[in-house]
Every structure is written in C-alpha cells, then in structure tokens.
$ cat upload.pdb   # PDB, C-alpha atoms
MODEL        1
ATOM      1  CA  MET W   1     108.632  78.256  74.008
ATOM      2  CA  SER W   2     107.274  79.109  77.456
ATOM      3  CA  ALA W   3     107.545  82.604  78.893
ATOM      4  CA  ASP W   4     110.319  83.466  81.326
ATOM      5  CA  ILE W   5     112.120  86.482  82.776
ATOM      6  CA  THR W   6     115.650  87.222  83.916
ATOM      7  CA  VAL W   7     115.956  87.773  87.657
ATOM      8  CA  PRO W   8     118.842  90.031  88.703
ATOM      9  CA  ASP W   9     121.477  88.789  91.122
ATOM     10  CA  LEU W  10     120.022  89.098  94.634
ATOM     11  CA  SER W  11     123.119  88.302  96.679
ATOM     12  CA  GLY W  12     122.900  89.838 100.135
ATOM     13  CA  LYS W  13     119.122  90.300  99.930
ATOM     14  CA  LEU W  14     116.536  88.801 102.284
ATOM     15  CA  ALA W  15     113.137  87.765 100.921
ATOM     16  CA  VAL W  16     110.005  86.597 102.737
ATOM     17  CA  VAL W  17     107.372  84.691 100.727
ATOM     18  CA  THR W  18     104.071  83.593 102.260
ATOM     19  CA  GLY W  19     102.389  80.498 100.901
ATOM     20  CA  ALA W  20     105.715  79.115  99.686
ATOM     21  CA  ALA W  21     105.063  75.488 100.657
ATOM     22  CA  SER W  22     103.341  74.731  97.356
ATOM     23  CA  GLY W  23     102.117  76.104  94.042
ATOM     24  CA  VAL W  24     103.098  79.563  92.846
ATOM     25  CA  GLY W  25     104.677  80.410  96.197
ATOM     26  CA  SER W  26     107.104  77.494  96.010
ATOM     27  CA  VAL W  27     108.148  78.589  92.511
ATOM     28  CA  LEU W  28     108.694  82.151  93.746
ATOM     29  CA  ALA W  29     110.854  80.922  96.626
ATOM     30  CA  ALA W  30     112.868  78.693  94.292
ATOM     31  CA  ARG W  31     113.489  81.460  91.750
ATOM     32  CA  LEU W  32     114.529  83.981  94.426
ATOM     33  CA  ALA W  33     116.864  81.435  96.023
ATOM     34  CA  ALA W  34     118.353  80.564  92.627
ATOM     35  CA  ALA W  35     119.132  84.276  92.216
ATOM     36  CA  ASN W  36     121.142  84.110  95.486
ATOM     37  CA  ALA W  37     118.612  85.734  97.803
ATOM     38  CA  GLU W  38     118.175  84.320 101.291
ATOM     39  CA  VAL W  39     114.541  83.194 101.436
ATOM     40  CA  ILE W  40     112.359  82.823 104.515
ATOM     41  CA  MET W  41     109.282  80.674 103.988
ATOM     42  CA  PRO W  42     106.636  81.207 106.703
ATOM     43  CA  VAL W  43     104.349  78.149 106.550
ATOM     44  CA  ARG W  44     101.409  76.649 108.377
ATOM     45  CA  ASN W  45     102.276  73.031 107.489
ATOM     46  CA  ARG W  46     105.885  72.315 108.385
ATOM     47  CA  GLY W  47     105.946  68.986 106.546
ATOM     48  CA  LYS W  48     104.922  70.626 103.276
ATOM     49  CA  GLY W  49     107.451  73.375 103.883
ATOM     50  CA  GLU W  50     110.274  70.890 104.393
ATOM     51  CA  ALA W  51     109.280  69.076 101.196
ATOM     52  CA  ALA W  52     109.330  72.383  99.298
ATOM     53  CA  ILE W  53     112.807  73.169 100.622
ATOM     54  CA  ALA W  54     114.030  69.730  99.564
ATOM     55  CA  LYS W  55     112.866  70.432  95.996
ATOM     56  CA  ILE W  56     114.545  73.843  96.025
ATOM     57  CA  LYS W  57     117.795  72.255  97.220
ATOM     58  CA  GLN W  58     117.644  69.687  94.413
ATOM     59  CA  ARG W  59     117.596  72.537  91.907
ATOM     60  CA  SER W  60     119.929  74.913  93.794
ATOM     61  CA  PRO W  61     122.094  72.923  96.263
ATOM     62  CA  TYR W  62     123.576  76.055  97.817
ATOM     63  CA  ALA W  63     120.264  77.872  98.226
ATOM     64  CA  SER W  64     119.716  79.657 101.533
ATOM     65  CA  VAL W  65     116.124  78.852 102.503
ATOM     66  CA  SER W  66     114.524  78.360 105.893
ATOM     67  CA  LEU W  67     111.106  77.909 107.464
ATOM     68  CA  ARG W  68     109.218  79.931 110.055
ATOM     69  CA  GLU W  69     105.782  79.234 111.507
ATOM     70  CA  LEU W  70     102.820  81.285 110.279
ATOM     71  CA  ASP W  71      99.061  80.849 110.200
ATOM     72  CA  LEU W  72      97.619  83.903 108.450
ATOM     73  CA  SER W  73      94.181  83.093 109.853
ATOM     74  CA  SER W  74      95.446  83.837 113.370
ATOM     75  CA  LEU W  75      96.520  87.342 114.373
ATOM     76  CA  SER W  76      98.480  85.918 117.306
ATOM     77  CA  SER W  77     100.447  83.714 114.897
ATOM     78  CA  VAL W  78     101.159  86.722 112.671
ATOM     79  CA  ALA W  79     102.308  88.731 115.680
ATOM     80  CA  ALA W  80     104.558  85.861 116.803
ATOM     81  CA  LEU W  81     106.270  85.707 113.420
ATOM     82  CA  GLY W  82     106.726  89.458 113.483
ATOM     83  CA  ALA W  83     108.341  89.243 116.918
ATOM     84  CA  THR W  84     110.623  86.413 115.771
ATOM     85  CA  LEU W  85     111.859  88.275 112.710
ATOM     86  CA  ARG W  86     112.243  91.568 114.582
ATOM     87  CA  ALA W  87     114.363  89.738 117.149
ATOM     88  CA  GLU W  88     116.552  88.453 114.316
ATOM     89  CA  ASP W  89     116.866  92.133 113.327
ATOM     90  CA  ARG W  90     117.727  91.757 109.641
ATOM     91  CA  PRO W  91     116.421  94.164 107.004
ATOM     92  CA  ILE W  92     113.886  92.611 104.639
ATOM     93  CA  HIS W  93     114.324  93.527 100.978
ATOM     94  CA  PHE W  94     111.409  91.620  99.427
ATOM     95  CA  LEU W  95     108.051  90.574 100.858
ATOM     96  CA  ILE W  96     105.639  88.706  98.612
ATOM     97  CA  ASN W  97     102.154  88.410 100.112
ATOM     98  CA  ASN W  98     101.242  85.307  98.149
ATOM     99  CA  ALA W  99      99.379  82.905 100.437
ATOM    100  CA  GLY W 100      95.633  82.539 100.091
ATOM    101  CA  VAL W 101      92.544  80.417 100.465
ATOM    102  CA  MET W 102      89.814  80.304  97.833
ATOM    103  CA  THR W 103      86.037  79.790  97.928
ATOM    104  CA  PRO W 104      85.285  77.355 100.739
ATOM    105  CA  PRO W 105      81.692  76.327  99.974
ATOM    106  CA  ASN W 106      80.472  77.186 103.455
ATOM    107  CA  ARG W 107      81.389  80.222 105.533
ATOM    108  CA  GLU W 108      84.440  79.530 107.682
ATOM    109  CA  SER W 109      85.887  81.736 110.421
ATOM    110  CA  THR W 110      89.438  82.570 111.440
ATOM    111  CA  ALA W 111      90.718  82.194 114.996
ATOM    112  CA  ASP W 112      89.707  85.837 115.522
ATOM    113  CA  GLY W 113      86.171  85.466 114.149
ATOM    114  CA  PHE W 114      86.743  86.988 110.704
ATOM    115  CA  GLU W 115      85.378  85.436 107.521
ATOM    116  CA  LEU W 116      88.209  83.117 106.501
ATOM    117  CA  GLN W 117      89.058  84.540 103.076
ATOM    118  CA  PHE W 118      88.973  88.167 104.228
ATOM    119  CA  GLY W 119      90.890  87.256 107.367
ATOM    120  CA  ALA W 120      93.636  85.106 105.834
ATOM    121  CA  ASN W 121      94.033  86.638 102.387
ATOM    122  CA  HIS W 122      93.878  90.274 103.440
ATOM    123  CA  LEU W 123      93.864  90.972 107.188
ATOM    124  CA  GLY W 124      96.636  88.469 107.906
ATOM    125  CA  HIS W 125      98.885  90.115 105.329
ATOM    126  CA  PHE W 126      97.911  93.593 106.537
ATOM    127  CA  ALA W 127      98.964  92.640 110.063
ATOM    128  CA  LEU W 128     102.134  90.964 108.793
ATOM    129  CA  VAL W 129     103.274  94.152 107.062
ATOM    130  CA  ALA W 130     102.529  96.117 110.219
ATOM    131  CA  HIS W 131     104.627  93.815 112.414
ATOM    132  CA  LEU W 132     107.492  93.782 109.909
ATOM    133  CA  LEU W 133     107.383  97.494 109.126
ATOM    134  CA  PRO W 134     110.687  98.386 110.856
ATOM    135  CA  LEU W 135     112.493  95.638 108.920
ATOM    136  CA  LEU W 136     110.810  96.584 105.639
ATOM    137  CA  ARG W 137     111.805 100.196 106.138
ATOM    138  CA  ALA W 138     115.367  99.197 106.984
ATOM    139  CA  GLY W 139     115.582  97.171 103.767
ATOM    140  CA  ARG W 140     113.777  99.756 101.612
ATOM    141  CA  ALA W 141     111.694  96.757 100.660
ATOM    142  CA  ARG W 142     109.679  95.929  97.599
ATOM    143  CA  VAL W 143     106.314  94.581  98.845
ATOM    144  CA  THR W 144     104.317  92.682  96.232
ATOM    145  CA  SER W 145     100.763  91.544  96.984
ATOM    146  CA  GLN W 146      99.404  88.658  94.943
ATOM    147  CA  LEU W 147      95.873  89.306  93.685
ATOM    148  CA  SER W 148      93.631  87.347  91.333
ATOM    149  CA  VAL W 149      91.533  88.007  88.259
ATOM    150  CA  ALA W 150      88.692  87.825  90.792
ATOM    151  CA  ALA W 151      89.777  91.265  92.036
ATOM    152  CA  ASN W 152      88.231  92.600  88.826
ATOM    153  CA  GLU W 153      84.821  91.291  89.901
ATOM    154  CA  ASN W 154      82.240  92.332  92.477
ATOM    155  CA  ALA W 155      83.123  94.743  95.297
ATOM    156  CA  ILE W 156      83.808  95.039  99.015
ATOM    157  CA  ASN W 157      80.715  94.262 101.048
ATOM    158  CA  TRP W 158      81.195  97.286 103.276
ATOM    159  CA  ASP W 159      78.035  96.660 105.326
ATOM    160  CA  ASP W 160      79.017  93.079 106.137
ATOM    161  CA  VAL W 161      82.701  92.446 105.424
ATOM    162  CA  HIS W 162      82.550  89.163 107.338
ATOM    163  CA  TRP W 163      79.612  87.825 105.281
ATOM    164  CA  LYS W 164      77.584  86.858 108.338
ATOM    165  CA  ARG W 165      74.233  87.458 106.663
ATOM    166  CA  SER W 166      74.499  86.040 103.141
ATOM    167  CA  TYR W 167      77.773  84.243 102.475
ATOM    168  CA  HIS W 168      78.737  83.918  98.803
ATOM    169  CA  PRO W 169      82.037  82.027  98.262
ATOM    170  CA  ARG W 170      83.141  83.770  95.053
ATOM    171  CA  HIS W 171      82.049  87.250  96.133
ATOM    172  CA  ALA W 172      83.837  86.855  99.462
ATOM    173  CA  TYR W 173      86.979  85.716  97.651
ATOM    174  CA  SER W 174      86.793  88.712  95.305
ATOM    175  CA  GLN W 175      86.391  91.023  98.290
ATOM    176  CA  SER W 176      89.490  89.607  99.976
ATOM    177  CA  LYS W 177      91.606  90.220  96.886
ATOM    178  CA  ILE W 178      90.167  93.692  96.273
ATOM    179  CA  ALA W 179      90.947  94.609  99.885
ATOM    180  CA  LEU W 180      94.493  93.262  99.565
ATOM    181  CA  GLY W 181      94.942  95.276  96.374
ATOM    182  CA  LEU W 182      93.630  98.482  97.937
ATOM    183  CA  PHE W 183      95.986  97.922 100.853
ATOM    184  CA  GLY W 184      98.954  97.436  98.536
ATOM    185  CA  LEU W 185      98.207 100.679  96.728
ATOM    186  CA  GLU W 186      97.605 102.620  99.937
ATOM    187  CA  LEU W 187     100.843 101.252 101.398
ATOM    188  CA  ASP W 188     102.758 102.683  98.452
ATOM    189  CA  GLN W 189     101.071 106.072  98.847
ATOM    190  CA  ARG W 190     101.701 106.222 102.590
ATOM    191  CA  SER W 191     105.303 105.158 102.134
ATOM    192  CA  GLN W 192     105.876 107.946  99.644
ATOM    193  CA  SER W 193     104.220 110.512 101.891
ATOM    194  CA  ALA W 194     106.025 109.432 105.057
ATOM    195  CA  GLY W 195     109.387 108.610 103.497
ATOM    196  CA  TRP W 196     109.361 104.953 104.571
ATOM    197  CA  GLY W 197     111.365 103.883 101.520
ATOM    198  CA  ILE W 198     109.009 100.961 100.824
ATOM    199  CA  THR W 199     107.785 100.316  97.287
ATOM    200  CA  SER W 200     104.477  98.436  97.109
ATOM    201  CA  ASN W 201     102.910  96.962  93.992
ATOM    202  CA  LEU W 202     100.456  94.282  92.883
ATOM    203  CA  ALA W 203     100.554  91.161  90.759
ATOM    204  CA  HIS W 204      98.187  88.467  89.588
ATOM    205  CA  PRO W 205      99.047  85.033  88.162
ATOM    206  CA  GLY W 206      96.365  84.733  85.491
ATOM    207  CA  VAL W 207      94.813  81.271  85.613
ATOM    208  CA  ALA W 208      96.917  78.206  86.404
ATOM    209  CA  PRO W 209      96.487  74.719  87.874
ATOM    210  CA  THR W 210      97.368  75.519  91.488
ATOM    211  CA  ASN W 211      95.766  73.919  94.540
ATOM    212  CA  LEU W 212      93.411  76.813  95.302
ATOM    213  CA  LEU W 213      90.441  74.957  93.807
ATOM    214  CA  ALA W 214      91.696  71.452  94.540
ATOM    215  CA  ALA W 215      90.225  69.127  97.140
ATOM    216  CA  ARG W 216      90.383  70.619 100.650
ATOM    217  CA  PRO W 217      88.345  68.394 102.996
ATOM    218  CA  GLU W 218      89.193  70.652 105.948
ATOM    219  CA  LEU W 219      87.385  73.484 104.118
ATOM    220  CA  GLY W 220      84.350  71.412 103.153
ATOM    221  CA  ARG W 221      85.606  70.603  99.632
ATOM    222  CA  PRO W 222      85.958  66.798  99.532
ATOM    223  CA  ARG W 223      87.058  66.600  95.894
ATOM    224  CA  ASP W 224      88.606  68.699  93.150
ATOM    225  CA  THR W 225      86.217  71.182  91.571
ATOM    226  CA  LEU W 226      85.248  70.921  87.937
ATOM    227  CA  GLY W 227      86.944  74.274  87.492
ATOM    228  CA  VAL W 228      90.375  73.047  88.556
ATOM    229  CA  ARG W 229      90.044  69.954  86.360
ATOM    230  CA  ALA W 230      89.324  72.157  83.347
ATOM    231  CA  ILE W 231      92.198  74.489  84.251
ATOM    232  CA  ARG W 232      94.625  71.556  84.423
ATOM    233  CA  LEU W 233      93.552  70.397  80.974
ATOM    234  CA  LEU W 234      93.837  73.863  79.422
ATOM    235  CA  SER W 235      97.237  74.331  81.049
ATOM    236  CA  ARG W 236      98.504  71.066  79.585
ATOM    237  CA  VAL W 237      97.537  72.131  76.061
ATOM    238  CA  GLY W 238      99.103  75.574  76.469
ATOM    239  CA  VAL W 239      95.975  77.744  76.641
ATOM    240  CA  LEU W 240      96.516  78.722  80.287
ATOM    241  CA  ASN W 241      99.592  79.227  82.433
ATOM    242  CA  THR W 242     101.566  76.510  84.124
ATOM    243  CA  VAL W 243     102.328  76.969  87.802
ATOM    244  CA  GLU W 244     105.845  78.051  86.799
ATOM    245  CA  SER W 245     104.692  80.722  84.349
ATOM    246  CA  ALA W 246     101.958  81.890  86.744
ATOM    247  CA  ALA W 247     104.693  82.907  89.197
ATOM    248  CA  LEU W 248     106.357  85.254  86.713
ATOM    249  CA  PRO W 249     104.215  88.390  87.241
ATOM    250  CA  ALA W 250     104.878  88.460  91.005
ATOM    251  CA  LEU W 251     108.531  87.611  90.419
ATOM    252  CA  PHE W 252     108.792  90.487  87.939
ATOM    253  CA  ALA W 253     106.887  92.885  90.229
ATOM    254  CA  ALA W 254     109.147  92.014  93.152
ATOM    255  CA  THR W 255     112.563  91.994  91.476
ATOM    256  CA  SER W 256     112.601  93.808  88.146
ATOM    257  CA  PRO W 257     114.167  97.284  88.018
ATOM    258  CA  ASP W 258     111.426  98.073  85.494
ATOM    259  CA  ALA W 259     108.614  97.399  87.985
ATOM    260  CA  THR W 260     107.484 100.348  90.082
ATOM    261  CA  GLY W 261     105.184 101.046  92.992
ATOM    262  CA  GLY W 262     101.435 101.489  92.726
ATOM    263  CA  ARG W 263     101.177  99.338  89.596
ATOM    264  CA  LEU W 264      99.585  96.009  88.691
ATOM    265  CA  TYR W 265     101.502  93.307  86.813
ATOM    266  CA  GLY W 266     100.011  90.190  85.254
ATOM    267  CA  PRO W 267     100.270  87.886  82.259
ATOM    268  CA  GLY W 268     100.438  89.847  79.001
ATOM    269  CA  GLY W 269      98.689  87.296  76.790
ATOM    270  CA  PHE W 270      95.072  86.895  75.682
ATOM    271  CA  GLN W 271      92.657  88.252  78.300
ATOM    272  CA  HIS W 272      95.626  88.456  80.684
ATOM    273  CA  LEU W 273      95.195  84.786  81.520
ATOM    274  CA  SER W 274      98.633  83.587  80.367
ATOM    275  CA  GLY W 275     101.851  84.811  78.811
ATOM    276  CA  ALA W 276     104.870  86.868  79.856
ATOM    277  CA  PRO W 277     104.391  89.435  82.631
ATOM    278  CA  ALA W 278     103.467  93.001  81.740
ATOM    279  CA  GLU W 279     102.016  96.068  83.424
ATOM    280  CA  GLN W 280      98.226  96.180  83.263
ATOM    281  CA  PRO W 281      95.593  98.821  84.001
ATOM    282  CA  LEU W 282      94.382  98.771  87.578
ATOM    283  CA  TYR W 283      91.167  96.828  87.953
ATOM    284  CA  ALA W 284      88.133  99.084  88.344
ATOM    285  CA  PRO W 285      87.501  98.073  92.007
ATOM    286  CA  LEU W 286      91.038  99.239  92.874
ATOM    287  CA  ARG W 287      90.904 102.757  91.446
ATOM    288  CA  SER W 288      89.216 104.675  94.279
ATOM    289  CA  ARG W 289      91.565 106.384  96.725
ATOM    290  CA  ASP W 290      88.608 106.821  99.076
ATOM    291  CA  ASP W 291      88.044 103.061  99.068
ATOM    292  CA  ALA W 292      91.744 102.465  99.720
ATOM    293  CA  GLY W 293      91.663 104.744 102.738
ATOM    294  CA  ARG W 294      88.453 103.179 103.994
ATOM    295  CA  ALA W 295      89.848  99.642 103.631
ATOM    296  CA  TRP W 296      92.998 100.667 105.502
ATOM    297  CA  GLN W 297      90.989 102.169 108.359
ATOM    298  CA  ILE W 298      88.753  99.101 108.689
ATOM    299  CA  SER W 299      91.799  96.846 108.635
ATOM    300  CA  GLU W 300      93.453  98.884 111.398
ATOM    301  CA  GLU W 301      90.326  98.635 113.526
ATOM    302  CA  LEU W 302      89.944  94.879 113.030
ATOM    303  CA  THR W 303      93.593  93.934 113.533
ATOM    304  CA  GLY W 304      94.597  96.550 116.080
ATOM    305  CA  VAL W 305      97.827  97.364 114.230
ATOM    306  CA  LEU W 306      99.242 100.366 112.317
ATOM    307  CA  ARG W 307      97.014 102.696 114.368
TER     308      ARG W 307
ENDMDL
END

$ encode --input "upload.pdb" --output "structure tokens"
Amino acid sequence: MSADITVPDLSGKLAVVTGAASGVGSVLAARLAAANAEVIMPVRNRGKGEAAIAKIKQRSPYASVSLRELDLSSLSSVAALGATLRAEDRPIHFLINNAGVMTPPNRESTADGFELQFGANHLGHFALVAHLLPLLRAGRARVTSQLSVAANENAINWDDVHWKRSYHPRHAYSQSKIALGLFGLELDQRSQSAGWGITSNLAHPGVAPTNLLAARPELGRPRDTLGVRAIRLLSRVGVLNTVESAALPALFAATSPDATGGRLYGPGGFQHLSGAPAEQPLYAPLRSRDDAGRAWQISEELTGVLR
C-alpha cells in the first residue's frame, strides 16, 4: 500500500504553489484544492497550466484553482506577480516554493544575468517572498521551500555564485537548493524575531520520476537522461517514490499541525528516498546560521528586495 497523509480541511484558505503545471507541483495543487483551499498556480507556460487545471477539475469538479503568470528567471516577472496579488489584497495562508530547473548541461543565464539554477530556484523565490510579504504576514502563512537530496551535497560557491569561471551542472544545482534552504531557515528566524507571524520550513521529495531530468531541448538537453530512465524504472517497481508520493513531504510540511518552522521534512523510508513523510535532521550545508545570514544578504543585494 502506497504512503499517504490526511490533509486537514482548508476551507477559506488561499494557497500559492509555484511549478504547479506539472510533476510534484501539480499534485500539490490538486491535493490542496481537494482539501477546499483556493489555489493560485503561477506558471510560465499557460497551456500546461490550463491542462493541469483540467486534470484537477476532473478529480475535484468544485475545486477553486486559477492561473497567474510567473517566470522565476525574471525579477520583473516576479515583481509583476507580486503587484498583481497585492492588488487583489487577499491574505495568503500557504506558499509552496516548489518550481525548479535542474542541471542544464551548459551554463544558462536568467533575464537578469544570474546563473539559471541559482536565479530561478533560489533568487526568484527569494524575491517572490519579498513581494508577497504583506500578504503572507496577513495570512500568518506557512511557507514551505522544496529542496532536493542534492542540498546535502557540495556547498555554496561563495566566490563565484554565478559559476562564470567553471560551471558544474550538479554543483550549481546543489548550490541553488542549499541557498533556498538557508533562506527558508533564515526566514523563520527573522519572522520569529520580528513578529511577522510567518512559519517557514523545508521539504524534499526524495527521488521520483518527475520532469527535472527529462528532455529539455531549450536547456540543451535533447533527450531524457539515463538517470531519469533509471528513476522511472525503480519507481515502477516500488523502490523509489511515485510523483504522487514525492509530493507528500511538502504537503505535510505545508498543512500538518504537526509540522513546525525551521525543520526539514522528507520521505521516511530507506535513505530518505521514498516512503511516508517524516522530520529529518537538517542537511550539513544548512546548519550554519552565519551561512544563512550571508546567503540572505547576498540575495538582497542581487535582487534589490527585502533591504
């Protein structure tokens, strides 16, 4: 029997989920909507977003789900979404920073000149939280940032965070997820100190057959990697998570009354690669408060927000 959790009734709550057009994000949006939350899905590809909503409506005909435009690799796009939602002036109760890009073989840049993974996975979400801060405070929100097992590898390349000198796809991906994790932890600390009322925690999905390693010609990956083919096989035979079970840690971190701020939640099975969600020790690269403060400061300088 596959793992699952019970999501409390979320009637009257507003949730925002990035990366909800496919994969784990679409499962998160569907589960939140099924629990009666209103779900906003900021997407880059409107066609994929509309297809995701159609699937959600098949499962939950009365679900309240809607699209907004967002490209996390563009700070102007992030700011525009922030302005749109602030104009709507509704408290946000859940924000799941789920969207991400993984290991383009060659160094790619965002619209603002940042290395793509650092810019989209971390800086885009950092800026998004900044622009939505009044709404998150009004909703006493739970902010959950989606990491990866890669956040337990490597380190932040402090001397060259944009990897201009010696780009390494996996190391740059690890850095982006470490930075996002440090931000999530620092957000919880700052909220406690300043009385913002925001609770911030972390999750990771284990390993599952999502599209992160699938063919992405626009990123220089013309075909599926061997890694994603192996993951699909191991998922089918029950060794690794399915996309549905991979969503459970973030769903638990965002909605469970047993989940708290400043903690990491992931699959509780063998090597934390699959199984029901459970609290896990913080990865070693996430344990330094000095690093968290340094990552926050760099992110402020690069994005020009929260200063």

$ atom_distance --input "upload.pdb" --atom1 "atom CA of Ala120 of chain W" --atom2 "atom CA of Ser74 of chain W"
7.9 Å

$ atom_distance --input "upload.pdb" --atom1 "atom CA of Gly139 of chain W" --atom2 "atom CA of Ala99 of chain W"
21.8 Å

$ atom_distance --input "upload.pdb" --atom1 "atom CA of Pro91 of chain W" --atom2 "atom CA of Val129 of chain W"
13.1 Å

$ resolve_selection --input "upload.pdb" --expression "the PyMOL selection byres ((chain W and resi 170) around 12)" --output "MDAnalysis selection string"
chainID W and resid 101:107 117:118 148:156 163 167:169 171:177 213

$ closest_residue --input "upload.pdb" --among "W:Val78, W:Leu67, W:Ala52, W:Met41" --to "His131 of chain W" --atoms "only C-alpha atoms"
W:Val78

$ closest_residue --input "upload.pdb" --among "W:Asn36, W:Asn45, W:Thr303, W:Thr84" --to "Tyr62 of chain W" --atoms "all atoms listed in the file"
W:Asn36

$ axis_aligned_box --input "upload.pdb" --around "segment 176-193 of chain W" --padding-each-side "5 Å" --output "JSON"
{"center_x": 97.7, "center_y": 100.1, "center_z": 99.4, "size_x": 26.4, "size_y": 30.9, "size_z": 16.3}

$ resolve_selection --input "upload.pdb" --expression "the PyMOL selection byres ((chain W and resi 244) around 12)" --output "MDAnalysis selection string"
chainID W and resid 2:5 22:31 205:210 235 240:243 245:251 274:276

$ resolve_selection --input "upload.pdb" --expression "the PyMOL selection byres ((chain W and resi 66) around 9)" --output "JSON, numbers by chain"
{"W": [38, 39, 40, 41, 42, 49, 50, 53, 64, 65, 67, 68]}

$ closest_residue --input "upload.pdb" --among "W:Gly100, W:Gly262, W:Gly82, W:Gly269" --to "Arg287 of chain W" --atoms "all atoms listed in the file"
W:Gly262

$ residues_around --input "upload.pdb" --residues "His125 of chain W" --least-positions-apart "4" --cutoff "12 Å" --atoms "only C-alpha atoms" --output "number ranges by chain"
W: 16-19, 42, 70-75, 77-79, 81-82, 95-100, 117-121, 129-133, 143-146, 176-177, 179-181, 183-184, 187, 299-300, 303, 305

$ write_last_selection --input "upload.pdb" --atoms "C-alpha atoms" --output "tab-separated table (two decimals), in the frame of the given file"
chain	number	residue	atom	x	y	z
W	16	VAL	CA	110.00	86.60	102.74
W	17	VAL	CA	107.37	84.69	100.73
W	18	THR	CA	104.07	83.59	102.26
W	19	GLY	CA	102.39	80.50	100.90
W	42	PRO	CA	106.64	81.21	106.70
W	70	LEU	CA	102.82	81.28	110.28
W	71	ASP	CA	99.06	80.85	110.20
W	72	LEU	CA	97.62	83.90	108.45
W	73	SER	CA	94.18	83.09	109.85
W	74	SER	CA	95.45	83.84	113.37
W	75	LEU	CA	96.52	87.34	114.37
W	77	SER	CA	100.45	83.71	114.90
W	78	VAL	CA	101.16	86.72	112.67
W	79	ALA	CA	102.31	88.73	115.68
W	81	LEU	CA	106.27	85.71	113.42
W	82	GLY	CA	106.73	89.46	113.48
W	95	LEU	CA	108.05	90.57	100.86
W	96	ILE	CA	105.64	88.71	98.61
W	97	ASN	CA	102.15	88.41	100.11
W	98	ASN	CA	101.24	85.31	98.15
W	99	ALA	CA	99.38	82.90	100.44
W	100	GLY	CA	95.63	82.54	100.09
W	117	GLN	CA	89.06	84.54	103.08
W	118	PHE	CA	88.97	88.17	104.23
W	119	GLY	CA	90.89	87.26	107.37
W	120	ALA	CA	93.64	85.11	105.83
W	121	ASN	CA	94.03	86.64	102.39
W	129	VAL	CA	103.27	94.15	107.06
W	130	ALA	CA	102.53	96.12	110.22
W	131	HIS	CA	104.63	93.82	112.41
W	132	LEU	CA	107.49	93.78	109.91
W	133	LEU	CA	107.38	97.49	109.13
W	143	VAL	CA	106.31	94.58	98.84
W	144	THR	CA	104.32	92.68	96.23
W	145	SER	CA	100.76	91.54	96.98
W	146	GLN	CA	99.40	88.66	94.94
W	176	SER	CA	89.49	89.61	99.98
W	177	LYS	CA	91.61	90.22	96.89
W	179	ALA	CA	90.95	94.61	99.88
W	180	LEU	CA	94.49	93.26	99.56
W	181	GLY	CA	94.94	95.28	96.37
W	183	PHE	CA	95.99	97.92	100.85
W	184	GLY	CA	98.95	97.44	98.54
W	187	LEU	CA	100.84	101.25	101.40
W	299	SER	CA	91.80	96.85	108.64
W	300	GLU	CA	93.45	98.88	111.40
W	303	THR	CA	93.59	93.93	113.53
W	305	VAL	CA	97.83	97.36	114.23

$ closest_residue --input "upload.pdb" --among "W:Ala254, W:Leu182, W:Leu282, W:Ala138" --to "Phe126 of chain W" --atoms "only C-alpha atoms"
W:Leu182

$ closest_residue --input "upload.pdb" --among "W:Glu108, W:Ala33, W:Ala15, W:Gln58" --to "Ile92 of chain W" --atoms "only C-alpha atoms"
W:Ala15

$ closest_residue --input "upload.pdb" --among "W:Ala35, W:Ala51, W:Leu286, W:Ala80" --to "Leu202 of chain W" --atoms "all atoms listed in the file"
W:Leu286

$ decode --input "upload.pdb" --residues "segment 84-95 of chain W" --atoms "N, CA, C and O atoms" --output "PDB file, in the first residue's frame"
ATOM      1  N   THR W  84       0.368  42.123  -8.800  1.00  0.00           N
ATOM      2  CA  THR W  84      -0.980  41.604  -9.100  1.00  0.00           C
ATOM      3  C   THR W  84      -1.659  41.071  -7.848  1.00  0.00           C
ATOM      4  O   THR W  84      -2.816  41.394  -7.558  1.00  0.00           O
ATOM      5  N   LEU W  85      -0.945  40.247  -7.091  1.00  0.00           N
ATOM      6  CA  LEU W  85      -1.550  39.640  -5.910  1.00  0.00           C
ATOM      7  C   LEU W  85      -1.754  40.670  -4.798  1.00  0.00           C
ATOM      8  O   LEU W  85      -2.746  40.604  -4.058  1.00  0.00           O
ATOM      9  N   ARG W  86      -0.851  41.631  -4.681  1.00  0.00           N
ATOM     10  CA  ARG W  86      -1.061  42.684  -3.674  1.00  0.00           C
ATOM     11  C   ARG W  86      -2.282  43.524  -4.028  1.00  0.00           C
ATOM     12  O   ARG W  86      -3.028  43.958  -3.146  1.00  0.00           O
ATOM     13  N   ALA W  87      -2.505  43.745  -5.324  1.00  0.00           N
ATOM     14  CA  ALA W  87      -3.688  44.489  -5.741  1.00  0.00           C
ATOM     15  C   ALA W  87      -4.967  43.717  -5.425  1.00  0.00           C
ATOM     16  O   ALA W  87      -6.004  44.316  -5.104  1.00  0.00           O
ATOM     17  N   GLU W  88      -4.895  42.401  -5.506  1.00  0.00           N
ATOM     18  CA  GLU W  88      -6.056  41.573  -5.143  1.00  0.00           C
ATOM     19  C   GLU W  88      -6.290  41.602  -3.637  1.00  0.00           C
ATOM     20  O   GLU W  88      -7.414  41.365  -3.181  1.00  0.00           O
ATOM     21  N   ASP W  89      -5.218  41.853  -2.882  1.00  0.00           N
ATOM     22  CA  ASP W  89      -5.301  42.145  -1.439  1.00  0.00           C
ATOM     23  C   ASP W  89      -6.006  41.057  -0.634  1.00  0.00           C
ATOM     24  O   ASP W  89      -6.859  41.334   0.198  1.00  0.00           O
ATOM     25  N   ARG W  90      -5.577  39.799  -0.853  1.00  0.00           N
ATOM     26  CA  ARG W  90      -6.114  38.695  -0.057  1.00  0.00           C
ATOM     27  C   ARG W  90      -4.980  38.038   0.716  1.00  0.00           C
ATOM     28  O   ARG W  90      -3.923  37.737   0.133  1.00  0.00           O
ATOM     29  N   PRO W  91      -5.155  37.792   1.993  1.00  0.00           N
ATOM     30  CA  PRO W  91      -4.105  37.121   2.761  1.00  0.00           C
ATOM     31  C   PRO W  91      -3.774  35.756   2.170  1.00  0.00           C
ATOM     32  O   PRO W  91      -4.667  35.019   1.727  1.00  0.00           O
ATOM     33  N   ILE W  92      -2.495  35.446   2.141  1.00  0.00           N
ATOM     34  CA  ILE W  92      -2.029  34.133   1.673  1.00  0.00           C
ATOM     35  C   ILE W  92      -1.709  33.276   2.893  1.00  0.00           C
ATOM     36  O   ILE W  92      -0.964  33.697   3.785  1.00  0.00           O
ATOM     37  N   HIS W  93      -2.249  32.061   2.916  1.00  0.00           N
ATOM     38  CA  HIS W  93      -2.077  31.180   4.063  1.00  0.00           C
ATOM     39  C   HIS W  93      -1.009  30.114   3.833  1.00  0.00           C
ATOM     40  O   HIS W  93      -0.397  29.625   4.789  1.00  0.00           O
ATOM     41  N   PHE W  94      -0.783  29.758   2.569  1.00  0.00           N
ATOM     42  CA  PHE W  94       0.240  28.764   2.236  1.00  0.00           C
ATOM     43  C   PHE W  94       0.981  29.214   0.981  1.00  0.00           C
ATOM     44  O   PHE W  94       0.355  29.606  -0.006  1.00  0.00           O
ATOM     45  N   LEU W  95       2.292  29.167   1.033  1.00  0.00           N
ATOM     46  CA  LEU W  95       3.126  29.380  -0.153  1.00  0.00           C
ATOM     47  C   LEU W  95       4.100  28.224  -0.229  1.00  0.00           C
ATOM     48  O   LEU W  95       4.871  27.985   0.714  1.00  0.00           O
TER      49      LEU W  95
END
